[in-house]
>>> print(open('target-v4.txt').read())   # compact mmCIF, C-alpha atoms and all ligand atoms
# COMPACT_ATOMS: atom_id res chain seq x y z
CA MET L 205 -28.18 -49.15 91.94
CA PRO L 206 -25.51 -46.69 93.12
CA ASP L 207 -22.47 -47.78 95.09
CA LEU L 208 -22.81 -46.51 98.61
CA SER L 209 -20.15 -46.09 101.27
CA THR L 210 -20.49 -48.33 104.33
CA ARG L 211 -21.56 -45.24 106.30
CA ASP L 212 -24.39 -44.29 103.92
CA ALA L 213 -25.44 -47.92 103.49
CA LYS L 214 -25.91 -48.17 107.26
CA LEU L 215 -27.94 -44.95 107.36
CA VAL L 216 -30.09 -46.14 104.43
CA GLN L 217 -30.62 -49.51 106.13
CA TYR L 218 -31.96 -47.87 109.32
CA LEU L 219 -34.07 -45.36 107.40
CA ASN L 220 -35.54 -48.20 105.34
CA GLU L 221 -36.63 -49.99 108.49
CA ALA L 222 -38.32 -46.80 109.71
CA TYR L 223 -39.99 -46.30 106.34
CA GLY L 224 -41.38 -49.85 106.32
CA LYS L 225 -42.85 -49.30 109.79
CA GLU L 226 -44.46 -46.00 108.81
CA ARG L 227 -46.18 -47.59 105.81
CA GLU L 228 -47.35 -50.53 107.93
CA LEU L 229 -48.81 -48.19 110.55
CA GLU L 230 -50.53 -46.09 107.91
CA THR L 231 -52.67 -49.12 107.04
CA ALA L 232 -53.25 -50.04 110.72
CA LEU L 233 -54.27 -46.47 111.61
CA GLN L 234 -56.83 -46.40 108.80
CA ALA L 235 -58.40 -49.61 110.15
CA HIS L 236 -58.42 -48.23 113.72
CA ILE L 237 -60.02 -44.93 112.65
CA ALA L 238 -62.90 -46.87 111.09
CA MET L 239 -63.50 -48.59 114.47
CA THR L 240 -63.25 -45.46 116.64
CA SER L 241 -66.48 -43.84 117.84
CA ARG L 242 -65.01 -41.40 120.40
CA PRO L 243 -64.62 -38.05 118.60
CA PRO L 244 -61.42 -36.75 120.34
CA TYR L 245 -59.67 -40.12 119.91
CA ARG L 246 -60.76 -40.41 116.26
CA LYS L 247 -59.57 -36.88 115.57
CA ARG L 248 -56.16 -37.60 117.13
CA LEU L 249 -55.82 -40.81 115.06
CA GLN L 250 -56.62 -38.90 111.86
CA GLN L 251 -54.06 -36.28 112.82
CA HIS L 252 -51.44 -38.97 113.45
CA LEU L 253 -52.30 -40.67 110.15
CA THR L 254 -51.41 -37.39 108.42
CA GLU L 255 -48.17 -37.23 110.45
CA THR L 256 -47.38 -40.86 109.63
CA ARG L 257 -47.78 -40.26 105.88
CA ARG L 258 -45.54 -37.20 106.13
CA HIS L 259 -42.94 -39.19 108.11
CA ALA L 260 -42.88 -41.83 105.36
CA ARG L 261 -42.41 -39.13 102.68
CA GLU L 262 -39.65 -37.37 104.63
CA VAL L 263 -37.77 -40.59 105.35
CA GLU L 264 -38.12 -41.71 101.71
CA ARG L 265 -36.75 -38.36 100.55
CA ARG L 266 -33.74 -38.69 102.86
CA ILE L 267 -33.08 -42.21 101.59
CA ARG L 268 -33.01 -40.86 98.04
CA GLN L 269 -30.70 -38.00 99.05
CA LEU L 270 -28.27 -40.54 100.49
CA GLY L 271 -28.42 -42.44 97.21
CA GLY L 272 -30.40 -45.33 98.62
CA GLY L 273 -32.81 -45.80 95.74
CA ASP L 274 -35.64 -44.24 93.78
CA ALA L 275 -39.34 -44.35 94.55
CA GLU L 276 -39.24 -47.63 96.50
CA PRO L 277 -36.72 -47.65 99.33
CA MET L 278 -35.11 -50.95 100.16
CA GLN L 279 -36.44 -53.00 103.00
CA LEU L 280 -33.29 -54.81 104.11
CA PRO L 281 -29.64 -53.90 104.91
CA GLY L 282 -27.24 -52.61 102.29
CA PRO L 283 -27.95 -51.40 98.79
CA ASP L 284 -26.27 -54.49 97.34
CA ALA L 285 -28.08 -56.97 99.55
CA LEU L 286 -31.33 -56.88 97.63
CA SER L 287 -32.58 -56.22 94.18
CA LYS L 288 -35.23 -53.55 93.77
CA GLY L 289 -37.83 -56.25 93.05
CA ALA L 290 -37.04 -58.05 96.27
CA SER L 291 -37.27 -54.85 98.34
CA LEU L 292 -40.58 -53.98 96.77
CA ALA L 293 -41.88 -57.46 97.62
CA ALA L 294 -40.78 -56.99 101.23
CA GLU L 295 -42.62 -53.68 101.50
CA VAL L 296 -45.75 -55.09 99.90
CA GLY L 297 -45.54 -57.98 102.39
CA SER L 298 -45.32 -55.59 105.33
CA ARG L 299 -48.33 -53.59 104.17
CA ALA L 300 -50.26 -56.78 103.44
CA MET L 301 -49.58 -57.92 107.00
CA ALA L 302 -50.90 -54.62 108.38
CA ALA L 303 -53.93 -54.85 106.09
CA ALA L 304 -54.60 -58.38 107.38
CA LYS L 305 -54.38 -57.12 110.96
CA GLY L 306 -57.09 -54.52 110.33
CA PRO L 307 -60.05 -56.95 110.13
CA LEU L 308 -58.50 -58.95 113.00
CA HIS L 309 -58.56 -55.83 115.15
CA ALA L 310 -62.20 -55.32 114.18
CA ILE L 311 -63.20 -58.49 116.07
CA ARG L 312 -61.18 -57.89 119.22
CA GLY L 313 -62.94 -57.52 122.58
CA THR L 314 -66.56 -57.95 123.51
CA GLY L 315 -67.74 -54.35 123.38
CA GLU L 316 -67.11 -51.17 121.47
CA GLN L 317 -65.10 -49.58 124.30
CA GLU L 318 -62.93 -52.70 124.68
CA LYS L 319 -62.11 -52.75 120.96
CA MET L 320 -60.94 -49.15 121.21
CA LEU L 321 -58.92 -49.96 124.34
CA LYS L 322 -57.17 -52.85 122.61
CA ASN L 323 -56.39 -50.69 119.58
CA ALA L 324 -55.00 -47.96 121.85
CA LYS L 325 -52.74 -50.51 123.58
CA THR L 326 -51.46 -51.73 120.19
CA GLU L 327 -50.88 -48.15 119.02
CA TYR L 328 -49.06 -47.34 122.28
CA SER L 329 -46.75 -50.28 121.71
CA GLU L 330 -46.17 -49.32 118.04
CA GLU L 331 -45.38 -45.71 118.95
CA HIS L 332 -42.71 -46.90 121.36
CA GLU L 333 -41.18 -49.10 118.70
CA GLU L 334 -41.00 -46.06 116.43
CA ILE L 335 -39.51 -43.94 119.23
CA ALA L 336 -36.79 -46.58 119.65
CA THR L 337 -36.22 -46.71 115.87
CA TYR L 338 -35.85 -42.92 115.49
CA SER L 339 -33.78 -42.65 118.64
CA ALA L 340 -31.33 -45.18 117.15
CA ILE L 341 -31.31 -43.34 113.78
CA GLU L 342 -30.62 -40.03 115.52
CA VAL L 343 -27.61 -41.38 117.43
CA LEU L 344 -26.35 -43.32 114.39
CA ALA L 345 -26.54 -40.18 112.24
CA GLN L 346 -24.87 -38.04 114.94
CA SER L 347 -22.11 -40.62 115.27
CA LEU L 348 -21.57 -40.59 111.49
CA GLY L 349 -21.69 -36.79 111.17
CA ASP L 350 -25.02 -36.76 109.23
CA ARG L 351 -26.74 -33.73 110.77
CA ASP L 352 -29.69 -33.69 108.36
CA THR L 353 -30.69 -37.28 109.14
CA ALA L 354 -30.17 -36.68 112.89
CA ARG L 355 -32.40 -33.59 112.77
CA LEU L 356 -35.10 -35.39 110.80
CA ALA L 357 -35.05 -38.40 113.16
CA ALA L 358 -35.29 -36.13 116.24
CA ALA L 359 -38.25 -34.22 114.78
CA ILE L 360 -40.16 -37.40 113.92
CA ARG L 361 -39.30 -38.96 117.32
CA ARG L 362 -40.83 -35.94 119.10
CA GLU L 363 -44.10 -36.40 117.19
CA GLU L 364 -44.18 -40.12 118.01
CA GLU L 365 -43.59 -39.25 121.68
CA ARG L 366 -46.50 -36.80 121.64
CA MET L 367 -48.75 -39.52 120.21
CA ALA L 368 -47.50 -42.02 122.83
CA ARG L 369 -48.29 -39.49 125.62
CA PHE L 370 -51.79 -38.99 124.25
CA LEU L 371 -52.34 -42.76 124.25
CA ALA L 372 -50.92 -43.11 127.78
CA GLY L 373 -53.57 -40.67 128.97
CA LEU L 374 -56.31 -42.31 126.91
CA ILE L 375 -55.79 -45.91 128.09
CA PRO L 376 -57.12 -45.32 131.67
CA THR L 377 -60.13 -43.39 130.26
CA LEU L 378 -60.96 -46.23 127.85
CA THR L 379 -60.52 -48.83 130.63
CA LYS L 380 -63.05 -46.96 132.80
CA ALA L 381 -65.41 -46.85 129.82
CA VAL L 382 -65.08 -50.66 129.47
CA VAL L 383 -66.00 -51.08 133.15
CA LYS L 384 -69.04 -48.82 132.74
CA GLU L 385 -70.12 -50.60 129.56
CA GLU L 386 -69.57 -54.21 130.63
CA VAL L 387 -69.73 -54.53 134.43
CA PRO L 388 -73.05 -53.93 136.28
CA ALA L 389 -72.86 -51.03 138.77
CA ALA L 390 -73.63 -53.37 141.70
CA GLU L 391 -70.54 -55.45 140.92
CA ARG L 392 -68.10 -52.52 140.79
CA ARG L 393 -66.86 -53.01 144.35
CA THR L 394 -63.64 -51.76 145.88
CA ASN L 395 -61.08 -54.14 147.37
CA GLY L 396 -62.62 -57.21 145.72
CA SER L 397 -66.00 -58.81 146.38
CA SER L 398 -67.21 -60.30 149.67
CA ARG L 399 -67.04 -63.64 147.89
CA ALA L 400 -63.29 -63.19 147.51
CA GLY L 401 -63.10 -62.31 151.23
CA ARG L 402 -64.90 -65.53 152.09
CA GLY L 403 -62.52 -67.39 149.83
CA ARG L 404 -59.54 -65.99 151.70
CA ALA L 405 -61.02 -66.88 155.11
CA SER L 406 -61.79 -70.39 153.96
CA ALA L 407 -58.24 -70.73 152.58
CA THR L 408 -56.85 -69.73 155.99
CA ARG L 409 -59.08 -72.27 157.75
CA GLY L 410 -58.03 -74.91 155.23
CA ALA L 411 -54.35 -74.12 155.79
CA ALA L 412 -54.82 -74.40 159.55
CA LYS L 413 -56.56 -77.76 159.16
CA ARG L 414 -53.84 -79.02 156.82
CA SER L 415 -51.25 -77.87 159.30
CA GLN L 416 -52.95 -79.85 162.09
CA GLY L 417 -53.24 -82.87 159.83
CA SER L 418 -49.63 -82.78 158.76
CA ALA L 419 -48.51 -82.30 162.35
CA ARG L 420 -50.43 -85.47 163.31
CA THR L 421 -49.02 -87.54 160.46
CA GLY L 422 -45.56 -85.95 160.54
CA ARG L 423 -45.89 -84.98 156.87
CA GLY L 424 -45.16 -81.33 157.68
CA ALA L 425 -41.47 -82.05 158.11
CA SER L 426 -41.10 -83.49 154.60
CA GLY L 427 -43.09 -80.73 152.85
CA SER L 428 -41.50 -77.80 150.98
CA ALA L 429 -40.15 -74.92 153.04
CA ARG L 430 -42.73 -72.54 151.61
CA LYS L 431 -45.65 -74.86 152.29
CA THR L 432 -44.37 -75.60 155.81
CA SER L 433 -43.92 -71.93 156.52
CA SER L 434 -47.46 -71.17 155.33
CA SER L 435 -48.87 -74.07 157.34
CA ARG L 436 -46.92 -72.96 160.37
CA LYS L 437 -48.25 -69.46 159.98
CA ALA L 438 -51.83 -70.71 159.64
CA GLY L 439 -51.30 -73.11 162.56
CA SER L 440 -49.86 -70.41 164.74
CA THR L 441 -52.80 -68.13 163.83
CA ALA L 442 -55.26 -70.82 164.93
CA LYS L 443 -53.19 -71.51 168.03
CA GLY L 444 -53.08 -67.81 168.85
CA ALA L 445 -56.85 -67.54 168.57
CA ALA L 446 -57.31 -70.55 170.88
CA THR L 447 -54.88 -69.10 173.42
CA ARG L 448 -56.65 -65.75 173.36
CA LYS L 449 -60.03 -67.45 173.88
CA ALA L 450 -58.75 -69.53 176.83
CA SER L 451 -57.17 -66.46 178.42
CA ALA L 452 -60.44 -64.50 178.08
CA THR L 453 -62.39 -67.39 179.70
CA ARG L 454 -59.87 -67.54 182.57
CA LYS L 455 -60.14 -63.77 183.11
CA ALA L 456 -63.95 -63.89 183.19
CA SER L 457 -63.93 -66.78 185.65
CA ASN L 458 -61.38 -65.00 187.88
CA ALA L 459 -63.50 -61.86 187.80
CA ARG L 460 -66.60 -63.84 188.81
CA ARG L 461 -64.67 -65.50 191.64
CA ALA L 462 -63.33 -62.14 192.88
CA ALA L 463 -66.79 -60.60 192.80
CA GLY L 464 -68.16 -63.56 194.81
CA ALA L 465 -65.39 -63.22 197.36
CA ARG L 466 -66.05 -59.51 197.73
CA THR L 467 -69.79 -60.13 198.29
CA ALA L 468 -69.06 -62.77 200.92
CA ALA L 469 -66.58 -60.49 202.70
CA ALA L 470 -69.10 -57.68 202.71
CA GLY L 471 -71.69 -60.06 204.12
CA ARG L 472 -69.33 -61.19 206.85
CA LYS L 473 -68.50 -57.59 207.68
CA ALA L 474 -72.17 -56.73 207.94
CA GLY L 475 -72.77 -59.76 210.15
CA THR L 476 -69.91 -58.88 212.46
CA GLY L 477 -71.17 -55.33 212.80
CA ALA L 478 -74.67 -56.49 213.73
CA SER L 479 -73.32 -58.95 216.21
CA ARG L 480 -71.11 -56.25 217.76
CA ALA L 481 -74.11 -53.93 218.03
CA ALA L 482 -76.16 -56.67 219.67
CA THR L 483 -73.41 -57.39 222.16
CA SER L 484 -73.06 -53.71 222.96
CA GLY L 485 -76.88 -53.48 223.46
CA LYS L 486 -76.86 -56.49 225.77
CA ARG L 487 -74.00 -54.98 227.79
CA LYS L 488 -75.86 -51.66 228.10
CA ALA L 489 -79.04 -53.41 229.24
CA ALA L 490 -77.13 -55.44 231.84
CA ALA L 491 -75.44 -52.27 233.08
CA GLY L 492 -78.84 -50.60 233.36
CA ARG L 493 -80.22 -53.52 235.33
CA THR L 494 -77.22 -53.49 237.71
CA SER L 495 -77.53 -49.77 238.29
CA ALA L 496 -81.26 -50.09 239.00
CA ALA L 497 -80.59 -52.92 241.46
CA ARG L 498 -77.98 -50.83 243.27
CA LYS L 499 -80.34 -47.87 243.57
CA ALA L 500 -83.34 -50.01 244.65
CA PRO L 501 -82.31 -51.11 248.19
CA GLY L 502 -81.84 -47.52 249.47
CA GLY L 503 -84.70 -45.82 247.61
CA ALA L 504 -87.53 -48.38 248.14
FE FE L 601 -46.34 -43.00 114.80
>>> encode(input="target-v4.txt", output="structure tokens")
Amino acid sequence: MPDLSTRDAKLVQYLNEAYGKERELETALQAHIAMTSRPPYRKRLQQHLTETRRHAREVERRIRQLGGGDAEPMQLPGPDALSKGASLAAEVGSRAMAAAKGPLHAIRGTGEQEKMLKNAKTEYSEEHEEIATYSAIEVLAQSLGDRDTARLAAAIRREEERMARFLAGLIPTLTKAVVKEEVPAAERRTNGSSRAGRGRASATRGAAKRSQGSARTGRGASGSARKTSSSRKAGSTAKGAATRKASATRKASNARRAAGARTAAAGRKAGTGASRAATSGKRKAAAGRTSAARKAPGGA
């Protein structure tokens, strides 16, 4: 085991962590490919498996160039921290963990689409862990004047970001496929089901009732501020509805009364008119009689 400077030991430590992750994901990707029935997704996974294997080779090569070991890069910090046997055991452990996850992933979800969705979510999360790892390596290498490692880390990070973007676009598509596969068309409603609406209405009525009850018993004052506020709101909603109803009843009654008054007034007016006409007729008749009487004595 060569003696490394603190600088190179730190670079090797970070590269070892990246290498371990690449090997772990190689195993996970193989398991996911076997479960993937969508051709474009499967193709992209196979492509990323090839990239992942290349990443592992490139990182391993850089570790060797820095003097960090031979065929098996170390798993943990510092070239003196672990023997080669121990580092090999750590890597085997990491791959064994990934291999154990494979069959576990095979039983996730209820349907085929859901299994793929869950795998895509796991891959999305793993890609972001790798992006963080390579981003840290890039800055570490830049800060230590190691241009080759910085360039390598940036190139790998860009490929991980491309994969993450692909997965970000795929997750909504797979979610819609789960809906189509598992939820009957009649139940794919917008804004929740009518049942949920009824639930909300009943909750409001319940809150109003509770508010009335607590007002009667005086429990409202000792309740939590949030509960009291919600009860008050529900109470005021119920109160508002009652006020609106009473006001509408009053308006209708007033309107009826006004209409009645108008009818009566019209009736009175009509009556007065008739009576005036009768009076005027009587007067005219009397005048006629008087005139006839005046003319009669002379003319008879
Ligand atoms: Fe990756």
>>> closest_atom_pairs(input="target-v4.txt", of="chain L", to="ligand FE 601 (chain L)", cutoff="10 Å", atoms="all atoms listed in the file", output="JSON lines")
{"residue": "L:Lys225", "atom": "CA", "partner": "L:FE601", "partner_atom": "FE", "distance": 8.8}
{"residue": "L:Glu226", "atom": "CA", "partner": "L:FE601", "partner_atom": "FE", "distance": 7.0}
{"residue": "L:Leu229", "atom": "CA", "partner": "L:FE601", "partner_atom": "FE", "distance": 7.1}
{"residue": "L:Glu230", "atom": "CA", "partner": "L:FE601", "partner_atom": "FE", "distance": 8.6}
{"residue": "L:Leu233", "atom": "CA", "partner": "L:FE601", "partner_atom": "FE", "distance": 9.2}
{"residue": "L:Leu249", "atom": "CA", "partner": "L:FE601", "partner_atom": "FE", "distance": 9.7}
{"residue": "L:His252", "atom": "CA", "partner": "L:FE601", "partner_atom": "FE", "distance": 6.6}
{"residue": "L:Leu253", "atom": "CA", "partner": "L:FE601", "partner_atom": "FE", "distance": 7.9}
{"residue": "L:Thr254", "atom": "CA", "partner": "L:FE601", "partner_atom": "FE", "distance": 9.9}
{"residue": "L:Glu255", "atom": "CA", "partner": "L:FE601", "partner_atom": "FE", "distance": 7.5}
{"residue": "L:Thr256", "atom": "CA", "partner": "L:FE601", "partner_atom": "FE", "distance": 5.7}
{"residue": "L:Arg257", "atom": "CA", "partner": "L:FE601", "partner_atom": "FE", "distance": 9.4}
{"residue": "L:His259", "atom": "CA", "partner": "L:FE601", "partner_atom": "FE", "distance": 8.4}
{"residue": "L:Glu327", "atom": "CA", "partner": "L:FE601", "partner_atom": "FE", "distance": 8.1}
{"residue": "L:Tyr328", "atom": "CA", "partner": "L:FE601", "partner_atom": "FE", "distance": 9.1}
{"residue": "L:Glu330", "atom": "CA", "partner": "L:FE601", "partner_atom": "FE", "distance": 7.1}
{"residue": "L:Glu331", "atom": "CA", "partner": "L:FE601", "partner_atom": "FE", "distance": 5.0}
{"residue": "L:His332", "atom": "CA", "partner": "L:FE601", "partner_atom": "FE", "distance": 8.5}
{"residue": "L:Glu333", "atom": "CA", "partner": "L:FE601", "partner_atom": "FE", "distance": 8.9}
{"residue": "L:Glu334", "atom": "CA", "partner": "L:FE601", "partner_atom": "FE", "distance": 6.4}
{"residue": "L:Ile335", "atom": "CA", "partner": "L:FE601", "partner_atom": "FE", "distance": 8.2}
{"residue": "L:Ile360", "atom": "CA", "partner": "L:FE601", "partner_atom": "FE", "distance": 8.4}
{"residue": "L:Arg361", "atom": "CA", "partner": "L:FE601", "partner_atom": "FE", "distance": 8.5}
{"residue": "L:Arg362", "atom": "CA", "partner": "L:FE601", "partner_atom": "FE", "distance": 9.9}
{"residue": "L:Glu363", "atom": "CA", "partner": "L:FE601", "partner_atom": "FE", "distance": 7.4}
{"residue": "L:Glu364", "atom": "CA", "partner": "L:FE601", "partner_atom": "FE", "distance": 4.8}
{"residue": "L:Glu365", "atom": "CA", "partner": "L:FE601", "partner_atom": "FE", "distance": 8.3}
{"residue": "L:Arg366", "atom": "CA", "partner": "L:FE601", "partner_atom": "FE", "distance": 9.2}
{"residue": "L:Met367", "atom": "CA", "partner": "L:FE601", "partner_atom": "FE", "distance": 6.9}
{"residue": "L:Ala368", "atom": "CA", "partner": "L:FE601", "partner_atom": "FE", "distance": 8.2}
>>> atom_distance(input="target-v4.txt", atom1="atom CA of L:His236", atom2="atom CA of L:Phe370")
15.5 Å
>>> atom_distance(input="target-v4.txt", atom1="atom CA of L:Ser241", atom2="atom CA of L:Leu378")
11.7 Å
>>> atom_distance(input="target-v4.txt", atom1="atom CA of L:Lys325", atom2="atom CA of L:Glu386")
18.6 Å
>>> closest_residue(input="target-v4.txt", among="L:Leu348, L:Ala372, L:Ala238, L:Ala354", to="L:Leu219", atoms="only C-alpha atoms")
L:Ala354
